[in-house]
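Engineer: Below you'll find query_15.cif; it's mmCIF, C-alpha atoms.
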data_upload
loop_
_atom_site.group_PDB
_atom_site.id
_atom_site.type_symbol
_atom_site.label_atom_id
_atom_site.label_comp_id
_atom_site.auth_asym_id
_atom_site.auth_seq_id
_atom_site.Cartn_x
_atom_site.Cartn_y
_atom_site.Cartn_z
ATOM 1 C CA MET A 1 -36.166 -97.043 164.785
ATOM 2 C CA ASP A 2 -34.291 -94.135 166.417
ATOM 3 C CA ALA A 3 -34.709 -93.052 170.002
ATOM 4 C CA GLU A 4 -36.541 -89.821 169.140
ATOM 5 C CA LYS A 5 -39.217 -91.678 167.203
ATOM 6 C CA VAL A 6 -39.634 -94.253 169.990
ATOM 7 C CA PHE A 7 -39.998 -91.459 172.521
ATOM 8 C CA SER A 8 -42.537 -89.630 170.364
ATOM 9 C CA ASP A 9 -44.560 -92.803 169.906
ATOM 10 C CA LEU A 10 -44.476 -93.433 173.654
ATOM 11 C CA MET A 11 -45.739 -89.959 174.430
ATOM 12 C CA SER A 12 -48.544 -90.258 171.869
ATOM 13 C CA ARG A 13 -49.721 -93.584 173.349
ATOM 14 C CA ALA A 14 -49.550 -92.159 176.845
ATOM 15 C CA LEU A 15 -51.706 -89.199 175.889
ATOM 16 C CA SER A 16 -54.241 -91.459 174.177
ATOM 17 C CA ALA A 17 -54.426 -93.720 177.229
ATOM 18 C CA LYS A 18 -54.463 -90.712 179.583
ATOM 19 C CA VAL A 19 -51.339 -91.989 181.348
ATOM 20 C CA ASP A 20 -49.253 -89.372 183.132
ATOM 21 C CA LEU A 21 -45.692 -90.410 182.282
ATOM 22 C CA SER A 22 -44.304 -87.566 184.322
ATOM 23 C CA GLU A 23 -44.989 -89.633 187.453
ATOM 24 C CA CYS A 24 -42.412 -92.214 186.390
ATOM 25 C CA PRO A 25 -39.200 -91.478 188.351
ATOM 26 C CA SER A 26 -36.900 -91.967 185.349
ATOM 27 C CA ILE A 27 -38.934 -89.619 183.225
ATOM 28 C CA ARG A 28 -39.751 -87.102 185.950
ATOM 29 C CA ASN A 29 -36.034 -86.462 186.424
ATOM 30 C CA ASN A 30 -35.373 -85.949 182.705
ATOM 31 C CA LYS A 31 -35.422 -82.183 182.064
ATOM 32 C CA ASN A 32 -35.650 -82.724 178.303
ATOM 33 C CA LEU A 33 -39.306 -83.661 178.790
ATOM 34 C CA GLU A 34 -40.071 -80.011 179.424
ATOM 35 C CA ILE A 35 -39.748 -79.502 175.672
ATOM 36 C CA PHE A 36 -42.886 -81.478 174.883
ATOM 37 C CA PRO A 37 -45.447 -79.537 176.905
ATOM 38 C CA ARG A 38 -43.918 -76.274 175.706
ATOM 39 C CA LYS A 39 -44.199 -77.359 172.074
ATOM 40 C CA PHE A 40 -47.694 -78.676 172.675
ATOM 41 C CA LYS A 41 -48.825 -75.311 174.065
ATOM 42 C CA ILE A 42 -47.320 -73.473 171.108
ATOM 43 C CA VAL A 43 -49.056 -75.749 168.606
ATOM 44 C CA THR A 44 -52.353 -75.457 170.504
ATOM 45 C CA ALA A 45 -52.112 -71.649 170.544
ATOM 46 C CA PHE A 46 -51.371 -71.641 166.820
ATOM 47 C CA PHE A 47 -54.468 -73.688 166.012
ATOM 48 C CA ILE A 48 -56.611 -71.431 168.230
ATOM 49 C CA LEU A 49 -55.389 -68.351 166.350
ATOM 50 C CA VAL A 50 -56.031 -70.016 162.991
ATOM 51 C CA SER A 51 -59.548 -70.968 164.124
ATOM 52 C CA LEU A 52 -60.289 -67.412 165.287
ATOM 53 C CA PHE A 53 -59.007 -66.019 161.997
ATOM 54 C CA TRP A 54 -61.317 -68.355 160.068
ATOM 55 C CA ILE A 55 -64.346 -67.539 162.223
ATOM 56 C CA PHE A 56 -63.851 -63.777 162.069
ATOM 57 C CA ARG A 57 -62.292 -63.559 158.607
ATOM 58 C CA ASP A 58 -65.079 -61.296 157.288
ATOM 59 C CA ASP A 59 -64.517 -58.773 160.087
ATOM 60 C CA LEU A 60 -60.731 -58.632 159.869
ATOM 61 C CA PHE A 61 -58.987 -55.656 158.384
ATOM 62 C CA LEU A 62 -55.881 -56.824 156.590
ATOM 63 C CA ASP A 63 -53.275 -54.188 155.824
ATOM 64 C CA GLN A 64 -49.690 -54.597 154.692
ATOM 65 C CA CYS A 65 -48.572 -55.500 158.198
ATOM 66 C CA ILE A 66 -51.634 -54.955 160.358
ATOM 67 C CA ILE A 67 -54.461 -57.204 161.548
ATOM 68 C CA ALA A 68 -57.135 -55.413 163.535
ATOM 69 C CA MET A 69 -58.830 -57.202 166.396
ATOM 70 C CA PRO A 70 -62.191 -58.721 165.393
ATOM 71 C CA ASP A 71 -65.304 -57.137 166.886
ATOM 72 C CA GLU A 72 -66.129 -60.039 169.187
ATOM 73 C CA LEU A 73 -62.645 -60.060 170.680
ATOM 74 C CA SER A 74 -62.526 -56.271 171.057
ATOM 75 C CA LYS A 75 -65.843 -56.396 172.947
ATOM 76 C CA ALA A 76 -64.406 -58.977 175.337
ATOM 77 C CA PHE A 77 -61.525 -56.654 176.263
ATOM 78 C CA ARG A 78 -63.527 -53.411 176.221
ATOM 79 C CA PRO A 79 -63.354 -51.594 179.585
ATOM 80 C CA PRO A 80 -66.736 -50.868 181.222
ATOM 81 C CA VAL A 81 -68.145 -47.352 180.847
ATOM 82 C CA GLU A 82 -70.259 -45.123 183.061
ATOM 83 C CA CYS A 83 -73.939 -45.134 182.108
ATOM 84 C CA ASP A 84 -74.549 -41.389 182.456
ATOM 85 C CA PHE A 85 -74.328 -40.901 178.679
ATOM 86 C CA CYS A 86 -77.418 -43.026 177.989
ATOM 87 C CA MET A 87 -79.581 -42.771 181.120
ATOM 88 C CA GLY A 88 -82.981 -41.196 180.462
ATOM 89 C CA LYS A 89 -82.553 -41.184 176.677
ATOM 90 C CA THR A 90 -85.322 -42.913 174.744
ATOM 91 C CA GLU A 91 -85.146 -41.198 171.363
ATOM 92 C CA VAL A 92 -82.850 -39.202 169.123
ATOM 93 C CA ILE A 93 -83.214 -35.425 169.419
ATOM 94 C CA ARG A 94 -83.600 -33.528 166.138
ATOM 95 C CA ALA A 95 -82.359 -29.945 165.896
ATOM 96 C CA TYR A 96 -81.627 -27.162 163.403
ATOM 97 C CA ASP A 97 -79.902 -23.775 163.405
ATOM 98 C CA LEU A 98 -77.764 -25.008 166.282
ATOM 99 C CA SER A 99 -74.924 -22.645 167.195
ATOM 100 C CA PRO A 100 -71.454 -24.063 167.938
ATOM 101 C CA ASP A 101 -71.693 -22.781 171.518
ATOM 102 C CA ALA A 102 -75.077 -24.419 172.094
ATOM 103 C CA PHE A 103 -73.880 -27.651 170.527
ATOM 104 C CA GLU A 104 -70.724 -27.684 172.666
ATOM 105 C CA SER A 105 -72.595 -26.933 175.889
ATOM 106 C CA ASN A 106 -75.443 -29.397 175.445
ATOM 107 C CA PHE A 107 -74.476 -32.147 173.003
ATOM 108 C CA ALA A 108 -70.884 -32.289 171.755
ATOM 109 C CA TYR A 109 -69.326 -34.413 174.505
ATOM 110 C CA GLN A 110 -72.357 -35.932 176.235
ATOM 111 C CA GLY A 111 -72.416 -39.029 174.029
ATOM 112 C CA GLY A 112 -75.454 -38.112 171.966
ATOM 113 C CA PRO A 113 -77.273 -39.046 169.883
ATOM 114 C CA ILE A 114 -78.599 -35.983 168.088
ATOM 115 C CA ILE A 115 -79.605 -35.359 164.464
ATOM 116 C CA ILE A 116 -79.004 -31.953 162.888
ATOM 117 C CA VAL A 117 -81.304 -31.510 159.903
ATOM 118 C CA ASP A 118 -79.831 -28.427 158.185
ATOM 119 C CA ALA A 119 -76.081 -29.057 158.161
ATOM 120 C CA MET A 120 -75.448 -29.651 154.445
ATOM 121 C CA ASN A 121 -77.039 -26.584 152.888
ATOM 122 C CA ASN A 122 -73.843 -25.498 151.115
ATOM 123 C CA TRP A 123 -72.446 -28.927 150.244
ATOM 124 C CA THR A 124 -72.265 -30.252 146.677
ATOM 125 C CA ALA A 125 -71.487 -33.821 147.808
ATOM 126 C CA PRO A 126 -75.145 -34.975 147.825
ATOM 127 C CA GLU A 127 -75.417 -34.186 144.097
ATOM 128 C CA VAL A 128 -71.905 -35.253 143.069
ATOM 129 C CA PHE A 129 -71.100 -38.393 145.086
ATOM 130 C CA ASP A 130 -72.265 -41.724 143.708
ATOM 131 C CA TYR A 131 -70.687 -45.111 142.986
ATOM 132 C CA TRP A 132 -69.444 -44.034 139.545
ATOM 133 C CA TYR A 133 -67.901 -40.795 140.835
ATOM 134 C CA PHE A 134 -65.898 -42.686 143.446
ATOM 135 C CA LYS A 135 -64.877 -45.297 140.873
ATOM 136 C CA ARG A 136 -63.511 -42.636 138.496
ATOM 137 C CA THR A 137 -61.762 -40.734 141.263
ATOM 138 C CA TYR A 138 -59.963 -43.757 142.660
ATOM 139 C CA LYS A 139 -59.133 -45.127 139.214
ATOM 140 C CA GLU A 140 -57.421 -41.838 138.300
ATOM 141 C CA ALA A 141 -55.476 -41.621 141.564
ATOM 142 C CA LYS A 142 -51.698 -41.697 141.201
ATOM 143 C CA LYS A 143 -50.603 -43.424 144.407
ATOM 144 C CA LYS A 144 -52.803 -46.487 144.216
ATOM 145 C CA ARG A 145 -50.650 -48.614 146.529
ATOM 146 C CA SER A 146 -51.160 -46.154 149.388
ATOM 147 C CA ILE A 147 -54.930 -46.441 148.892
ATOM 148 C CA LEU A 148 -54.679 -50.138 149.757
ATOM 149 C CA ASN A 149 -53.205 -49.059 153.096
ATOM 150 C CA CYS A 150 -56.459 -47.290 153.954
ATOM 151 C CA GLN A 151 -58.830 -49.239 156.161
ATOM 152 C CA PHE A 152 -61.592 -51.124 154.327
ATOM 153 C CA PHE A 153 -64.698 -52.849 155.707
ATOM 154 C CA PRO A 154 -66.398 -55.361 153.375
ATOM 155 C CA TYR A 155 -69.372 -56.015 155.713
ATOM 156 C CA LYS A 156 -69.785 -59.549 154.329
ATOM 157 C CA SER A 157 -70.156 -58.326 150.759
ATOM 158 C CA GLY A 158 -67.391 -60.674 149.580
ATOM 159 C CA LEU A 159 -65.166 -57.755 148.545
ATOM 160 C CA ARG A 160 -61.480 -57.925 149.443
ATOM 161 C CA ASP A 161 -60.431 -54.300 148.970
ATOM 162 C CA LEU A 162 -61.576 -50.945 147.654
ATOM 163 C CA PHE A 163 -60.415 -51.527 144.086
ATOM 164 C CA GLU A 164 -62.361 -54.778 143.935
ATOM 165 C CA ALA A 165 -65.370 -52.889 145.303
ATOM 166 C CA PHE A 166 -65.072 -50.391 142.453
ATOM 167 C CA ASP A 167 -64.706 -53.167 139.923
ATOM 168 C CA MET A 168 -68.114 -54.754 140.500
ATOM 169 C CA PRO A 169 -70.160 -55.576 137.379
ATOM 170 C CA GLU A 170 -72.663 -52.885 136.505
ATOM 171 C CA GLU A 171 -75.462 -55.415 137.024
ATOM 172 C CA ARG A 172 -74.445 -55.864 140.669
ATOM 173 C CA VAL A 173 -73.985 -52.152 141.253
ATOM 174 C CA ASN A 174 -77.524 -51.561 140.020
ATOM 175 C CA GLN A 175 -78.841 -54.618 141.894
ATOM 176 C CA MET A 176 -80.236 -56.435 138.894
ATOM 177 C CA GLU A 177 -82.143 -59.618 139.625
ATOM 178 C CA GLY A 178 -79.895 -62.482 140.686
ATOM 179 C CA THR A 179 -76.978 -60.305 141.864
ATOM 180 C CA GLU A 180 -75.584 -60.144 145.399
ATOM 181 C CA PRO A 181 -76.376 -57.081 147.538
ATOM 182 C CA TRP A 182 -73.413 -55.019 148.732
ATOM 183 C CA TYR A 183 -72.387 -52.579 151.438
ATOM 184 C CA PHE A 184 -68.870 -51.464 152.335
ATOM 185 C CA GLY A 185 -66.942 -48.685 154.038
ATOM 186 C CA TRP A 186 -63.467 -47.197 153.841
ATOM 187 C CA SER A 187 -61.260 -44.360 155.064
ATOM 188 C CA ASN A 188 -59.917 -41.666 152.755
ATOM 189 C CA CYS A 189 -56.429 -41.831 154.283
ATOM 190 C CA ASN A 190 -54.915 -41.042 150.875
ATOM 191 C CA TYR A 191 -54.173 -37.282 150.880
ATOM 192 C CA GLU A 192 -54.669 -36.940 147.127
ATOM 193 C CA ILE A 193 -58.165 -38.439 147.283
ATOM 194 C CA ALA A 194 -59.113 -36.594 150.463
ATOM 195 C CA LYS A 195 -58.242 -33.259 148.859
ATOM 196 C CA ILE A 196 -60.507 -34.026 145.889
ATOM 197 C CA LEU A 197 -63.445 -35.243 147.956
ATOM 198 C CA ARG A 198 -63.327 -32.366 150.430
ATOM 199 C CA LYS A 199 -64.038 -29.882 147.661
ATOM 200 C CA HIS A 200 -67.629 -31.084 147.954
ATOM 201 C CA TYR A 201 -68.173 -30.935 151.726
ATOM 202 C CA SER A 202 -66.803 -29.090 154.739
ATOM 203 C CA SER A 203 -66.721 -29.356 158.495
ATOM 204 C CA PRO A 204 -70.316 -29.162 159.833
ATOM 205 C CA TYR A 205 -71.192 -25.626 160.910
ATOM 206 C CA PHE A 206 -72.348 -26.636 164.395
ATOM 207 C CA LEU A 207 -69.063 -28.193 165.612
ATOM 208 C CA PRO A 208 -67.362 -26.320 168.494
ATOM 209 C CA LYS A 209 -65.220 -23.386 167.362
ATOM 210 C CA ALA A 210 -62.064 -24.893 168.833
ATOM 211 C CA SER A 211 -62.825 -28.336 167.456
ATOM 212 C CA GLU A 212 -60.787 -29.948 164.738
ATOM 213 C CA ASN A 213 -61.963 -32.756 162.497
ATOM 214 C CA ASN A 214 -59.932 -35.909 162.369
ATOM 215 C CA ALA A 215 -57.529 -35.946 159.420
ATOM 216 C CA ILE A 216 -59.261 -39.076 158.121
ATOM 217 C CA ASP A 217 -62.887 -39.215 156.996
ATOM 218 C CA TRP A 218 -65.018 -42.333 156.594
ATOM 219 C CA ILE A 219 -67.344 -43.225 153.750
ATOM 220 C CA PHE A 220 -70.013 -45.937 153.837
ATOM 221 C CA MET A 221 -72.013 -46.949 150.798
ATOM 222 C CA GLY A 222 -74.470 -49.721 149.994
ATOM 223 C CA VAL A 223 -77.821 -50.856 148.703
ATOM 224 C CA PRO A 224 -81.168 -51.215 150.495
ATOM 225 C CA GLY A 225 -81.395 -54.246 152.731
ATOM 226 C CA LYS A 226 -77.750 -54.098 153.747
ATOM 227 C CA GLY A 227 -75.849 -52.281 156.503
ATOM 228 C CA ALA A 228 -73.470 -52.730 159.402
ATOM 229 C CA HIS A 229 -74.045 -55.390 162.069
ATOM 230 C CA LEU A 230 -74.500 -54.426 165.734
ATOM 231 C CA HIS A 231 -71.111 -53.326 167.035
ATOM 232 C CA VAL A 232 -69.221 -50.729 169.032
ATOM 233 C CA ASP A 233 -66.284 -48.833 167.556
ATOM 234 C CA ASN A 234 -62.726 -48.671 168.864
ATOM 235 C CA VAL A 235 -62.189 -44.933 168.471
ATOM 236 C CA ARG A 236 -61.164 -42.176 170.855
ATOM 237 C CA LEU A 237 -63.617 -39.431 170.005
ATOM 238 C CA PRO A 238 -67.298 -38.810 169.202
ATOM 239 C CA SER A 239 -68.140 -38.542 165.526
ATOM 240 C CA TRP A 240 -70.620 -37.187 163.010
ATOM 241 C CA GLN A 241 -72.026 -39.027 160.005
ATOM 242 C CA ALA A 242 -73.719 -37.153 157.185
ATOM 243 C CA GLN A 243 -76.409 -38.939 155.171
ATOM 244 C CA LEU A 244 -75.709 -37.712 151.638
ATOM 245 C CA ARG A 245 -78.016 -40.084 149.771
ATOM 246 C CA GLY A 246 -80.518 -42.776 150.656
ATOM 247 C CA VAL A 247 -82.222 -43.364 153.989
ATOM 248 C CA LYS A 248 -80.587 -45.255 156.825
ATOM 249 C CA GLU A 249 -82.016 -46.631 160.048
ATOM 250 C CA TRP A 250 -79.803 -46.543 163.135
ATOM 251 C CA ILE A 251 -80.523 -49.048 165.908
ATOM 252 C CA LEU A 252 -78.865 -47.957 169.142
ATOM 253 C CA ALA A 253 -78.212 -50.083 172.216
ATOM 254 C CA PRO A 254 -76.439 -49.335 175.494
ATOM 255 C CA PRO A 255 -73.374 -51.382 176.460
ATOM 256 C CA PRO A 256 -74.109 -54.544 178.490
ATOM 257 C CA GLU A 257 -73.247 -52.914 181.823
ATOM 258 C CA CYS A 258 -76.005 -50.340 181.187
ATOM 259 C CA TYR A 259 -78.820 -52.674 180.055
ATOM 260 C CA TYR A 260 -80.855 -52.122 183.226
ATOM 261 C CA LYS A 261 -80.330 -48.354 183.264
ATOM 262 C CA CYS A 262 -80.697 -47.348 179.620
ATOM 263 C CA SER A 263 -83.022 -47.989 176.684
ATOM 264 C CA PHE A 264 -82.758 -49.448 173.201
ATOM 265 C CA PHE A 265 -84.203 -47.252 170.435
ATOM 266 C CA SER A 266 -83.828 -46.405 166.767
ATOM 267 C CA ALA A 267 -83.868 -43.414 164.448
ATOM 268 C CA VAL A 268 -84.147 -42.827 160.710
ATOM 269 C CA VAL A 269 -81.608 -40.475 159.137
ATOM 270 C CA LYS A 270 -82.694 -38.899 155.852
ATOM 271 C CA PRO A 271 -80.687 -37.230 153.071
ATOM 272 C CA GLY A 272 -79.325 -33.876 154.224
ATOM 273 C CA GLU A 273 -79.242 -34.868 157.901
ATOM 274 C CA ILE A 274 -76.222 -35.496 160.165
ATOM 275 C CA ILE A 275 -76.283 -37.815 163.170
ATOM 276 C CA VAL A 276 -73.810 -37.181 165.986
ATOM 277 C CA LEU A 277 -73.008 -39.737 168.678
ATOM 278 C CA ASP A 278 -70.197 -41.458 170.509
ATOM 279 C CA THR A 279 -69.914 -44.757 168.627
ATOM 280 C CA ASN A 280 -67.296 -45.903 171.113
ATOM 281 C CA ARG A 281 -70.012 -46.144 173.784
ATOM 282 C CA TRP A 282 -73.262 -46.698 171.875
ATOM 283 C CA TYR A 283 -73.639 -50.097 170.247
ATOM 284 C CA HIS A 284 -75.116 -49.415 166.839
ATOM 285 C CA GLN A 285 -76.463 -51.215 163.809
ATOM 286 C CA THR A 286 -77.402 -49.609 160.505
ATOM 287 C CA ASN A 287 -79.895 -50.699 157.865
ATOM 288 C CA VAL A 288 -80.276 -49.093 154.444
ATOM 289 C CA LEU A 289 -84.003 -48.615 153.888
ATOM 290 C CA PRO A 290 -85.793 -49.068 150.525
ATOM 291 C CA GLY A 291 -85.047 -46.472 147.891
ATOM 292 C CA ASP A 292 -81.770 -44.960 146.736
ATOM 293 C CA ILE A 293 -78.269 -46.292 147.406
ATOM 294 C CA SER A 294 -77.062 -45.003 150.779
ATOM 295 C CA ILE A 295 -73.912 -42.851 150.914
ATOM 296 C CA THR A 296 -72.676 -41.587 154.261
ATOM 297 C CA ILE A 297 -69.558 -39.611 155.093
ATOM 298 C CA GLY A 298 -68.267 -38.752 158.535
ATOM 299 C CA ALA A 299 -65.370 -38.151 160.887
ATOM 300 C CA GLU A 300 -64.368 -37.887 164.517
ATOM 301 C CA TYR A 301 -64.030 -34.504 166.200
ATOM 302 C CA ASP A 302 -62.193 -33.432 169.327
#
So that I can check it, write out the structure of this file as structure tokens.
Structural biologist:
Amino acid sequence: MDAEKVFSDLMSRALSAKVDLSECPSIRNNKNLEIFPRKFKIVTAFFILVSLFWIFRDDLFLDQCIIAMPDELSKAFRPPVECDFCMGKTEVIRAYDLSPDAFESNFAYQGGPIIIVDAMNNWTAPEVFDYWYFKRTYKEAKKKRSILNCQFFPYKSGLRDLFEAFDMPEERVNQMEGTEPWYFGWSNCNYEIAKILRKHYSSPYFLPKASENNAIDWIFMGVPGKGAHLHVDNVRLPSWQAQLRGVKEWILAPPPECYYKCSFFSAVVKPGEIIVLDTNRWYHQTNVLPGDISITIGAEYD
């Protein structure tokens, strides 16, 4: 038996017996022993990371070289916010014929929420967008590999990427008896696809005149009974989300530091309506209500 194996066996027995060998003079003076605790810490850290990956595997976004921080971890490191944005708010304001100046002065950067009920009058997206339209559009796209680089959220639907989402059996898409419900979201970071989709919608008329939409839009789609869990986003700017089809309930909650100053409340967003809020400050959960498949599209604005 070689010396390294004897030493390893000795250390294992010492750990099991809770004996601190470092107190032995001959061992305390041996600098090579510093290797063991260093290796032990590395191995321990590795197993912690593996465990976290397994626990949060449904919430991870896996890209070619990127792993986004899971929601629970991002909440732990989220800096506290001032509660002015939610104090005194107990319901979602509904408005129409709202000028860009009025929106900028009263709502654009105050955190929201507000629902504008007449913002899609000239859009064709509500009539054109459905599961089968998206499936055809993405199937015909030329740069398919770049589409896989776009962020995708499976929301515990068991779908690994957007192409798998658009390859569901027709029975599951139509929610036939015995099939699993589904809800997922993705970004249209592919320029080719974005150009096609944006033929059917435009920047909401009420956004500030100097405002620019983010270059990337988000699309969320799913069946009644599904939706996004309670979470807060990691984005820089407020955003708008247009309810193209279906009816979605939004449950809004203040961040923990504002629990005793602000209220929890909910709102129902119907087809043709746009909800605007700062999802980086409001915790929010969405539920697709009975009826049609829900399709929502949105973006950040500066």
Engineer: Which residues, named as in the file, does the PyMOL selection byres ((chain A and resi 178-195) around 7) pick out? Answer as a list of chain:residue names.
Structural biologist: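 Given this file, the PyMOL selection byres ((chain A and resi 178-195) around 7) evaluates to A:Ser146, A:Ile147, A:Cys150, A:Gln151, A:Phe152, A:Phe153, A:Pro154, A:Tyr155, A:Ser157, A:Arg172, A:Gln175, A:Met176, A:Glu177, A:Ile196, A:Leu197, A:Arg198, A:Lys199, A:Ile216, A:Asp217, A:Trp218, A:Ile219, A:Phe220, A:Met221, A:Gly222, A:Val223, A:Lys226, A:Gly227.
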Engineer: Between A:Gly111, A:Gly246, A:Gly291, A:Gly272, which one has atoms that come closest to Tyr96 in chain A, using all atoms listed in the file?
Structural biologist: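 With all atoms listed in the file as the atom set, the closest residue is A:Gly272.
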Engineer: Give me, please, the distance in Å between CA of Val288 in chain A and CA of Arg245 in chain A, quoted to one decimal.
Structural biologist: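 About the pair CA of Val288 in chain A and CA of Arg245 in chain A: they are 10.4 Å apart.
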Engineer: Report, in Å with one decimal, the straight-line distance from CA of Lys135 in chain A to CA of Asp233 in chain A.
Structural biologist: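 Taking CA of Lys135 in chain A and CA of Asp233 in chain A, their separation equals 27.0 Å.
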Engineer: For the provided coordinates, the residues matched by the PyMOL selection byres ((chain A and resi 109) around 12) should be stated as a PyMOL selection string.
Structural biologist: chain A and resi 84-85+102-108+110-114+207-208+211+236-240+276-279+281+300-302
Engineer: The PyMOL selection byres ((chain A and resi 202) around 10) - which residues does that actually catch in the file I just gave you? List them as a PDB file with C-alpha atoms, in the frame of the given file.
Structural biologist:
ATOM      1  CA  ALA A 119     -76.081 -29.057 158.161  1.00  0.00           C
ATOM      2  CA  MET A 120     -75.448 -29.651 154.445  1.00  0.00           C
ATOM      3  CA  ASN A 122     -73.843 -25.498 151.115  1.00  0.00           C
ATOM      4  CA  TRP A 123     -72.446 -28.927 150.244  1.00  0.00           C
ATOM      5  CA  THR A 124     -72.265 -30.252 146.677  1.00  0.00           C
ATOM      6  CA  ALA A 125     -71.487 -33.821 147.808  1.00  0.00           C
ATOM      7  CA  LEU A 197     -63.445 -35.243 147.956  1.00  0.00           C
ATOM      8  CA  ARG A 198     -63.327 -32.366 150.430  1.00  0.00           C
ATOM      9  CA  LYS A 199     -64.038 -29.882 147.661  1.00  0.00           C
ATOM     10  CA  HIS A 200     -67.629 -31.084 147.954  1.00  0.00           C
ATOM     11  CA  TYR A 201     -68.173 -30.935 151.726  1.00  0.00           C
ATOM     12  CA  SER A 203     -66.721 -29.356 158.495  1.00  0.00           C
ATOM     13  CA  PRO A 204     -70.316 -29.162 159.833  1.00  0.00           C
ATOM     14  CA  TYR A 205     -71.192 -25.626 160.910  1.00  0.00           C
ATOM     15  CA  ASN A 213     -61.963 -32.756 162.497  1.00  0.00           C
TER      16      ASN A 213
END
Engineer: Skipping near chain neighbours, those fewer than 5 positions away, what residues fall within 12 Å of Tyr260 in chain A using all atoms listed in the file, listed as number ranges by chain?
Structural biologist: A: 83, 86-88, 253-255
Engineer: Which residues come within 7 Å of Phe265 in chain A, counting only C-alpha atoms, excluding same-chain residues fewer than 4 positions away, as a PDB file with C-alpha atoms, in the coordinates of the input?
Structural biologist:
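Just written: result.pdb:
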ATOM      1  CA  THR A  90     -85.322 -42.913 174.744  1.00  0.00           C
ATOM      2  CA  GLU A  91     -85.146 -41.198 171.363  1.00  0.00           C
ATOM      3  CA  ILE A 251     -80.523 -49.048 165.908  1.00  0.00           C
ATOM      4  CA  LEU A 252     -78.865 -47.957 169.142  1.00  0.00           C
ATOM      5  CA  ALA A 253     -78.212 -50.083 172.216  1.00  0.00           C
TER       6      ALA A 253
END
Engineer: Which protein, DNA or RNA residues have an atom at most 9 Å from (-67.7, -51.3, 180.2), counting all atoms listed in the file? List them as a list in words.
Structural biologist: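 The residues near that point, listed by chain and number, are Arg78, Pro79, Pro80, Val81, Glu82, Cys83, Pro255, Pro256, Glu257, Cys258 and Arg281 of chain A.
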Engineer: Using CA of Ile297 in chain A and CA of Val269 in chain A as the two end points, give the distance in Å to one decimal.
Structural biologist: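 Separating CA of Ile297 in chain A from CA of Val269 in chain A is a distance of 12.7 Å.
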Engineer: Pick from A:Cys262, A:Leu244, A:Ala215, A:Leu230: nearest to Ile293 in chain A, with all atoms listed in the file counted?
Structural biologist: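 Between A:Cys262, A:Leu244, A:Ala215, A:Leu230, the residue approaching Ile293 in chain A most closely is A:Leu244.
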Engineer: Could you check which of A:Arg160, A:Lys248, A:Pro290, A:Pro271 is closest to Glu127 in chain A, using only C-alpha atoms?
Structural biologist: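 For Glu127 in chain A, the nearest of the given residues is A:Pro271.
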